[in-house]
Each structure stands twice: as C-alpha cells, then as structure tokens.
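The structure file upload.pdb is reproduced below (PDB, C-alpha atoms, pLDDT in the B column).
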```pdb
ATOM      1  CA  MET A   1      11.705-121.767 -23.567  1.00 50.00           C
ATOM      2  CA  THR A   2      10.526-121.551 -19.940  1.00 51.00           C
ATOM      3  CA  ASP A   3       9.976-124.224 -17.305  1.00 54.00           C
ATOM      4  CA  SER A   4       6.420-122.998 -16.766  1.00 53.00           C
ATOM      5  CA  ALA A   5       3.371-124.810 -18.014  1.00 56.00           C
ATOM      6  CA  PRO A   6       1.382-123.072 -20.735  1.00 59.00           C
ATOM      7  CA  GLY A   7      -0.763-120.308 -19.204  1.00 60.00           C
ATOM      8  CA  ALA A   8       1.132-120.360 -15.863  1.00 55.00           C
ATOM      9  CA  PRO A   9       2.456-117.046 -14.587  1.00 55.00           C
ATOM     10  CA  ALA A  10       6.110-116.318 -15.188  1.00 55.00           C
ATOM     11  CA  PRO A  11       8.419-116.845 -12.147  1.00 59.00           C
ATOM     12  CA  ALA A  12       8.657-113.081 -11.454  1.00 60.00           C
ATOM     13  CA  SER A  13       4.868-112.859 -11.458  1.00 63.00           C
ATOM     14  CA  ARG A  14       4.654-115.796  -9.033  1.00 62.00           C
ATOM     15  CA  ARG A  15       7.013-113.979  -6.666  1.00 59.00           C
ATOM     16  CA  THR A  16       4.828-110.889  -6.884  1.00 57.00           C
ATOM     17  CA  VAL A  17       1.712-112.955  -6.151  1.00 52.00           C
ATOM     18  CA  LEU A  18       3.412-114.673  -3.195  1.00 50.00           C
ATOM     19  CA  LEU A  19       4.674-111.367  -1.801  1.00 50.00           C
ATOM     20  CA  GLY A  20       1.214-109.860  -2.187  1.00 48.00           C
ATOM     21  CA  ALA A  21      -0.383-112.853  -0.470  1.00 47.00           C
ATOM     22  CA  GLY A  22       2.145-112.607   2.351  1.00 45.00           C
ATOM     23  CA  ALA A  23       1.474-108.879   2.791  1.00 42.00           C
ATOM     24  CA  LEU A  24      -2.264-109.559   2.812  1.00 46.00           C
ATOM     25  CA  ALA A  25      -1.838-112.273   5.458  1.00 45.00           C
ATOM     26  CA  LEU A  26       0.309-109.937   7.569  1.00 45.00           C
ATOM     27  CA  ALA A  27      -2.270-107.138   7.309  1.00 41.00           C
ATOM     28  CA  ALA A  28      -5.064-109.555   8.203  1.00 44.00           C
ATOM     29  CA  GLY A  29      -3.109-110.771  11.237  1.00 43.00           C
ATOM     30  CA  ALA A  30      -2.440-107.209  12.405  1.00 38.00           C
ATOM     31  CA  GLY A  31      -6.101-106.324  11.856  1.00 41.00           C
ATOM     32  CA  TRP A  32      -7.163-109.342  13.907  1.00 38.00           C
ATOM     33  CA  GLN A  33      -4.880-108.322  16.773  1.00 41.00           C
ATOM     34  CA  LEU A  34      -6.239-104.761  16.731  1.00 40.00           C
ATOM     35  CA  TRP A  35      -9.809-106.048  16.647  1.00 41.00           C
ATOM     36  CA  ARG A  36      -9.138-108.501  19.479  1.00 41.00           C
ATOM     37  CA  HIS A  37      -7.661-105.762  21.664  1.00 45.00           C
ATOM     38  CA  ARG A  38     -10.002-102.954  20.657  1.00 55.00           C
ATOM     39  CA  LEU A  39     -11.288-100.689  23.353  1.00 71.00           C
ATOM     40  CA  ALA A  40     -14.983-100.617  24.014  1.00 69.00           C
ATOM     41  CA  PRO A  41     -16.940 -97.494  24.847  1.00 72.00           C
ATOM     42  CA  THR A  42     -17.123 -96.869  28.577  1.00 70.00           C
ATOM     43  CA  PRO A  43     -20.628 -96.284  29.891  1.00 71.00           C
ATOM     44  CA  SER A  44     -20.689 -93.109  31.985  1.00 81.00           C
ATOM     45  CA  SER A  45     -22.425 -95.058  34.764  1.00 90.00           C
ATOM     46  CA  ASP A  46     -19.431 -97.423  35.003  1.00 93.00           C
ATOM     47  CA  LEU A  47     -17.011 -94.502  35.154  1.00 95.00           C
ATOM     48  CA  ALA A  48     -19.126 -92.796  37.828  1.00 95.00           C
ATOM     49  CA  ALA A  49     -19.268 -96.057  39.826  1.00 95.00           C
ATOM     50  CA  PHE A  50     -15.484 -96.407  39.600  1.00 97.00           C
ATOM     51  CA  LEU A  51     -14.943 -92.811  40.749  1.00 97.00           C
ATOM     52  CA  ALA A  52     -17.245 -93.482  43.729  1.00 97.00           C
ATOM     53  CA  LEU A  53     -14.949 -96.240  45.064  1.00 97.00           C
ATOM     54  CA  GLU A  54     -12.790 -95.923  48.151  1.00 98.00           C
ATOM     55  CA  LEU A  55      -9.659 -98.008  47.559  1.00 98.00           C
ATOM     56  CA  PRO A  56      -6.784 -99.091  49.781  1.00 98.00           C
ATOM     57  CA  THR A  57      -3.297 -97.702  49.295  1.00 97.00           C
ATOM     58  CA  PRO A  58      -0.196 -99.882  49.694  1.00 96.00           C
ATOM     59  CA  THR A  59       0.227 -98.451  53.225  1.00 93.00           C
ATOM     60  CA  GLY A  60      -3.251 -99.620  54.241  1.00 94.00           C
ATOM     61  CA  ALA A  61      -4.894 -96.189  54.232  1.00 97.00           C
ATOM     62  CA  ARG A  62      -7.977 -95.737  52.071  1.00 98.00           C
ATOM     63  CA  LEU A  63      -8.382 -93.160  49.315  1.00 98.00           C
ATOM     64  CA  PRO A  64     -11.901 -92.093  48.347  1.00 98.00           C
ATOM     65  CA  LEU A  65     -11.639 -91.496  44.600  1.00 98.00           C
ATOM     66  CA  ARG A  66     -14.332 -88.812  44.869  1.00 97.00           C
ATOM     67  CA  SER A  67     -11.632 -86.704  46.580  1.00 97.00           C
ATOM     68  CA  LEU A  68     -10.043 -86.408  43.114  1.00 97.00           C
ATOM     69  CA  ALA A  69     -13.197 -84.895  41.554  1.00 96.00           C
ATOM     70  CA  GLY A  70     -13.276 -81.425  40.065  1.00 97.00           C
ATOM     71  CA  ARG A  71      -9.841 -81.527  38.413  1.00 97.00           C
ATOM     72  CA  PRO A  72      -8.616 -83.362  35.308  1.00 98.00           C
ATOM     73  CA  LEU A  73      -7.343 -86.823  36.125  1.00 98.00           C
ATOM     74  CA  VAL A  74      -5.144 -89.434  34.451  1.00 98.00           C
ATOM     75  CA  VAL A  75      -5.857 -92.930  35.797  1.00 98.00           C
ATOM     76  CA  ASN A  76      -3.259 -95.563  34.984  1.00 98.00           C
ATOM     77  CA  PHE A  77      -3.932 -99.268  35.622  1.00 98.00           C
ATOM     78  CA  TRP A  78      -0.658-101.133  36.012  1.00 98.00           C
ATOM     79  CA  ALA A  79       1.135-104.031  37.740  1.00 97.00           C
ATOM     80  CA  THR A  80       4.660-104.652  38.998  1.00 97.00           C
ATOM     81  CA  TRP A  81       4.940-107.787  36.825  1.00 97.00           C
ATOM     82  CA  CYS A  82       4.146-105.817  33.635  1.00 97.00           C
ATOM     83  CA  PRO A  83       7.393-104.479  32.027  1.00 98.00           C
ATOM     84  CA  PRO A  84       5.689-101.697  29.976  1.00 98.00           C
ATOM     85  CA  CYS A  85       3.831-100.616  33.134  1.00 98.00           C
ATOM     86  CA  VAL A  86       7.055-100.381  35.121  1.00 98.00           C
ATOM     87  CA  LYS A  87       8.760 -98.474  32.308  1.00 97.00           C
ATOM     88  CA  GLU A  88       6.032 -95.823  32.120  1.00 97.00           C
ATOM     89  CA  MET A  89       5.854 -95.059  35.860  1.00 98.00           C
ATOM     90  CA  PRO A  90       8.595 -92.367  35.677  1.00 97.00           C
ATOM     91  CA  GLU A  91       6.793 -90.887  32.632  1.00 97.00           C
ATOM     92  CA  LEU A  92       3.561 -90.612  34.615  1.00 98.00           C
ATOM     93  CA  ASP A  93       5.452 -89.102  37.554  1.00 98.00           C
ATOM     94  CA  ARG A  94       7.058 -86.486  35.269  1.00 98.00           C
ATOM     95  CA  PHE A  95       3.647 -85.571  33.887  1.00 98.00           C
ATOM     96  CA  ALA A  96       2.156 -85.312  37.400  1.00 98.00           C
ATOM     97  CA  GLN A  97       4.945 -82.962  38.478  1.00 97.00           C
ATOM     98  CA  GLU A  98       4.884 -80.880  35.316  1.00 97.00           C
ATOM     99  CA  PHE A  99       1.098 -80.456  35.068  1.00 97.00           C
ATOM    100  CA  GLY A 100       0.093 -80.582  38.736  1.00 97.00           C
ATOM    101  CA  ALA A 101       0.293 -76.780  38.974  1.00 95.00           C
ATOM    102  CA  GLN A 102      -2.224 -76.623  36.115  1.00 96.00           C
ATOM    103  CA  GLY A 103      -4.677 -78.747  38.088  1.00 97.00           C
ATOM    104  CA  TRP A 104      -3.877 -82.172  36.615  1.00 98.00           C
ATOM    105  CA  GLN A 105      -3.795 -85.238  38.835  1.00 98.00           C
ATOM    106  CA  VAL A 106      -2.486 -88.749  38.261  1.00 98.00           C
ATOM    107  CA  LEU A 107      -3.757 -91.869  40.009  1.00 98.00           C
ATOM    108  CA  GLY A 108      -2.000 -95.220  39.750  1.00 98.00           C
ATOM    109  CA  VAL A 109      -4.260 -98.255  40.158  1.00 98.00           C
ATOM    110  CA  ALA A 110      -2.141-101.329  40.835  1.00 98.00           C
ATOM    111  CA  ILE A 111      -3.680-104.644  39.816  1.00 97.00           C
ATOM    112  CA  ASP A 112      -1.292-106.432  42.125  1.00 96.00           C
ATOM    113  CA  LYS A 113      -0.529-107.645  45.637  1.00 95.00           C
ATOM    114  CA  PRO A 114       0.070-104.942  48.278  1.00 96.00           C
ATOM    115  CA  ALA A 115       3.523-106.267  49.229  1.00 96.00           C
ATOM    116  CA  ALA A 116       4.723-106.287  45.599  1.00 97.00           C
ATOM    117  CA  VAL A 117       3.479-102.723  45.076  1.00 97.00           C
ATOM    118  CA  SER A 118       5.113-101.520  48.320  1.00 97.00           C
ATOM    119  CA  ARG A 119       8.457-103.067  47.297  1.00 97.00           C
ATOM    120  CA  PHE A 120       8.220-101.508  43.834  1.00 98.00           C
ATOM    121  CA  LEU A 121       7.361 -98.044  45.183  1.00 98.00           C
ATOM    122  CA  ALA A 122      10.245 -98.233  47.673  1.00 97.00           C
ATOM    123  CA  GLN A 123      12.619 -98.719  44.713  1.00 97.00           C
ATOM    124  CA  THR A 124      10.796 -96.465  42.228  1.00 96.00           C
ATOM    125  CA  PRO A 125       8.957 -93.797  44.209  1.00 96.00           C
ATOM    126  CA  VAL A 126       6.290 -91.716  42.518  1.00 97.00           C
ATOM    127  CA  ARG A 127       4.737 -88.515  43.800  1.00 95.00           C
ATOM    128  CA  PHE A 128       1.168 -89.357  42.849  1.00 98.00           C
ATOM    129  CA  PRO A 129      -1.260 -91.555  44.782  1.00 98.00           C
ATOM    130  CA  VAL A 130      -1.350 -95.284  44.132  1.00 98.00           C
ATOM    131  CA  VAL A 131      -4.274 -97.494  45.123  1.00 98.00           C
ATOM    132  CA  LEU A 132      -4.821-101.241  44.919  1.00 98.00           C
ATOM    133  CA  LEU A 133      -7.420-103.259  43.042  1.00 95.00           C
ATOM    134  CA  GLU A 134      -6.313-106.855  43.362  1.00 89.00           C
ATOM    135  CA  GLY A 135      -6.965-109.808  41.116  1.00 84.00           C
ATOM    136  CA  THR A 136     -10.307-110.424  39.495  1.00 90.00           C
ATOM    137  CA  GLU A 137     -11.856-107.261  40.955  1.00 94.00           C
ATOM    138  CA  GLY A 138      -9.215-105.154  39.210  1.00 94.00           C
ATOM    139  CA  LEU A 139      -9.646-106.995  35.916  1.00 94.00           C
ATOM    140  CA  ALA A 140     -13.422-106.615  36.154  1.00 95.00           C
ATOM    141  CA  TRP A 141     -13.045-102.841  36.546  1.00 96.00           C
ATOM    142  CA  ILE A 142     -10.629-102.602  33.629  1.00 96.00           C
ATOM    143  CA  ARG A 143     -13.145-104.436  31.444  1.00 94.00           C
ATOM    144  CA  ARG A 144     -16.052-102.252  32.629  1.00 94.00           C
ATOM    145  CA  LEU A 145     -14.016 -99.140  31.842  1.00 95.00           C
ATOM    146  CA  GLY A 146     -13.554-100.047  28.184  1.00 94.00           C
ATOM    147  CA  ASN A 147     -10.761-102.611  27.988  1.00 95.00           C
ATOM    148  CA  PRO A 148     -12.511-105.963  27.339  1.00 94.00           C
ATOM    149  CA  GLY A 149      -9.229-107.847  26.935  1.00 94.00           C
ATOM    150  CA  GLY A 150      -8.015-106.695  30.367  1.00 94.00           C
ATOM    151  CA  GLY A 151      -4.551-105.767  29.047  1.00 96.00           C
ATOM    152  CA  LEU A 152      -2.092-103.571  30.926  1.00 97.00           C
ATOM    153  CA  PRO A 153      -1.088-100.827  31.065  1.00 98.00           C
ATOM    154  CA  PHE A 154      -4.427 -99.114  30.530  1.00 98.00           C
ATOM    155  CA  THR A 155      -4.804 -95.347  30.913  1.00 98.00           C
ATOM    156  CA  LEU A 156      -7.858 -93.096  31.147  1.00 97.00           C
ATOM    157  CA  GLN A 157      -8.034 -89.327  30.878  1.00 97.00           C
ATOM    158  CA  ILE A 158     -10.996 -87.946  32.818  1.00 97.00           C
ATOM    159  CA  ALA A 159     -12.083 -84.313  32.537  1.00 96.00           C
ATOM    160  CA  ALA A 160     -12.745 -82.123  35.572  1.00 96.00           C
ATOM    161  CA  ASN A 161     -16.484 -82.692  35.050  1.00 95.00           C
ATOM    162  CA  GLY A 162     -15.994 -86.482  35.348  1.00 94.00           C
ATOM    163  CA  SER A 163     -16.416 -87.301  31.652  1.00 94.00           C
ATOM    164  CA  LEU A 164     -14.075 -89.702  29.904  1.00 94.00           C
ATOM    165  CA  GLN A 165     -11.855 -87.933  27.360  1.00 95.00           C
ATOM    166  CA  GLN A 166      -9.300 -90.560  26.294  1.00 94.00           C
ATOM    167  CA  THR A 167      -8.420 -94.216  26.800  1.00 95.00           C
ATOM    168  CA  LYS A 168      -5.251 -95.992  25.854  1.00 97.00           C
ATOM    169  CA  LEU A 169      -4.233 -99.620  25.997  1.00 97.00           C
ATOM    170  CA  GLY A 170      -0.456 -99.915  26.140  1.00 97.00           C
ATOM    171  CA  PRO A 171       2.321 -97.743  27.512  1.00 97.00           C
ATOM    172  CA  THR A 172       2.124 -93.979  27.425  1.00 96.00           C
ATOM    173  CA  THR A 173       4.770 -91.276  27.557  1.00 97.00           C
ATOM    174  CA  THR A 174       5.080 -87.847  29.100  1.00 97.00           C
ATOM    175  CA  ASP A 175       4.884 -86.332  25.602  1.00 97.00           C
ATOM    176  CA  GLU A 176       1.636 -88.143  24.840  1.00 97.00           C
ATOM    177  CA  LEU A 177       0.128 -87.061  28.175  1.00 97.00           C
ATOM    178  CA  ARG A 178       1.213 -83.466  27.468  1.00 97.00           C
ATOM    179  CA  ARG A 179      -0.669 -83.621  24.162  1.00 96.00           C
ATOM    180  CA  TRP A 180      -3.754 -84.932  25.985  1.00 95.00           C
ATOM    181  CA  ALA A 181      -3.525 -82.096  28.515  1.00 95.00           C
ATOM    182  CA  GLN A 182      -3.001 -79.419  25.873  1.00 93.00           C
ATOM    183  CA  ALA A 183      -5.945 -80.687  23.814  1.00 91.00           C
ATOM    184  CA  THR A 184      -8.393 -80.024  26.661  1.00 81.00           C
TER     185      THR A 184
END
```

Transcribe the structure of this file into structure tokens.
Amino acid sequence: MTDSAPGAPAPASRRTVLLGAGALALAAGAGWQLWRHRLAPTPSSDLAAFLALELPTPTGARLPLRSLAGRPLVVNFWATWCPPCVKEMPELDRFAQEFGAQGWQVLGVAIDKPAAVSRFLAQTPVRFPVVLLEGTEGLAWIRRLGNPGGGLPFTLQIAANGSLQQTKLGPTTTDELRRWAQAT
C-alpha cells in the first residue's frame, strides 16, 4: 500500500513533475533576462549621427569620428568600473594590432570620467584611440545605437561603407572579433 491518496501521482512521478516545473521556471527566467536585455535594431540615421561626432580623448584632444570612415571599425563602449570591460581591453588591443594591417580599426568609447580613464590607460595602455562620452550622454548614445538597457560592454562592428554589421552586449574576445573580420 502507498501513502498517496487514490488518483494521486506516485512519488517518483511527483519528483518528475517538480523537476519539470523547475526546469520550466528556469527557462522562463532565462528567457525573461534575454528579452529584457535584447538588442534593438539601430537606425542608420543614429549610426551616421554618432559617426559625425567629434569627441574628447582622455588627454583633452578631440577626435572627429569621421576621420575613421572608409575602413572597417570596431567600436567598444566600456567603463573603468565595469570588470568585463576591463578584462576585454587587452583582447581588443590584440585584435587592433593583428588586423590593423588589413585595414581594421578599433575605437574605445569610455562612458566614464576623464581622470579615471587616464589612470586606467596609464596602467593598461592600448594602441587604439579612446574617446570619452560621459554620463547620461554616453548612455543615451548606447541606447540609440541598439542597446536599450544601456549595459556594458557594448560592441559594434561597422563596415567600411558605414553600415552596421554586428552588435554585441557583453564581453568579446580576440577570437570572436577575428570571426567577425573574416566573415566580411
């Protein structure tokens, strides 16, 4: 005789139902997170407006982004207070060095204070240009460029003709950037 009421599932079946319900809840939670952080399409007018900016560098000079036109470009939005951003900086630098001879460029866009970026670059130098887009202005641009949640790091791949080829929310690697470059 069992401890179950007549018509109730056997204990093993209850475990299966509970495990299935737990897996379903986990999948729903993961789906919600992906939906919440999904990337939106970037209107070409917003990308063109971004590429028309002239932004300050940590040294105070200004870099007209239109000077980067005509060659493929990886744009990485990052901050010194973002651990995945900091971790990927050497990866981006490796890619810039490896693919620079093939025409590729990398631009770092720091959503941060100039002094913090200068300190970081003194300790972790990179050989690609870094510009500043502080505070709410930086977050507004990230959102306009297809990242409505404003999360960092956020990377764009822009073709030589100025069209958007790829976007990625989250850290990238040299291997992933190589695949992007080889796919174009």

Run the PyMOL selection byres ((chain A and resi 153-160) around 10) mentally over the shown coordinates, then write out the matched residues as a ChimeraX atom specification, using the chain letters and numbers from the document. /A:47,68-79,82-86,88,103-111,142,145-147,150-152,161-172,177,180-181,184

Between CA of Asp93 (chain A) and CA of Val126 (chain A), distance in Å (one decimal):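 According to the coordinates, CA of Asp93 (chain A) and CA of Val126 (chain A) are separated by 5.7 Å.
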
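Of the residues listed (A:Leu39, A:Val130, A:Ala122, A:Leu139), A:Val130 shows the shortest atom-to-atom separation from Leu63 (chain A); distances use only C-alpha atoms.
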
Would you mind reading off the distance between CA of Gln182 (chain A) and CA of Phe95 (chain A), one decimal, in Å?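 Between these atoms lies a distance of 12.1 Å.
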
Between CA of Phe99 (chain A) and CA of Thr57 (chain A), distance in Å (one decimal): 22.8 Å

Counting all atoms listed in the file, the residue of A:Ala61, A:Arg179, A:Thr174, A:Val131 that sits nearest Glu98 (chain A): A:Thr174

Might you pull out every residue within 7 Å of Thr80 (chain A), with all atoms listed in the file counted and same-chain residues fewer than 3 positions away left off, and present them as an MDAnalysis selection string? chainID A and resid 86 112 116:117 120

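Minimum atom-to-atom distance to Ser45 (chain A), evaluated using only C-alpha atoms, belongs to A:Arg144 out of A:Glu137, A:Arg144, A:Arg178, A:Ala101.
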
Considering only C-alpha atoms, can you say which of A:Leu121, A:Leu55, A:Leu92, A:Ala48 comes closest to Asp175 (chain A)?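 Using only C-alpha atoms, Asp175 (chain A) sits closest to A:Leu92.
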
As JSON, please: the centre and edge lengths in Å, to one decimal, of an axis-aligned box enclosing every listed atom of region 52-65 of chain A with 4 Å added on each side.
```
{"center_x": -8.5, "center_y": -95.7, "center_z": 49.0, "size_x": 25.5, "size_y": 16.4, "size_z": 18.5}
```

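The closest residue to Phe128 (chain A), picked from A:Ser44, A:Gln102, A:Ser67, A:Gln97 and counting all atoms listed in the file, is A:Gln97.
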
If you count all atoms listed in the file, the residue of A:Arg62, A:Thr173, A:Thr136, A:Ala52 closest to Pro90 (chain A) turns out to be A:Thr173
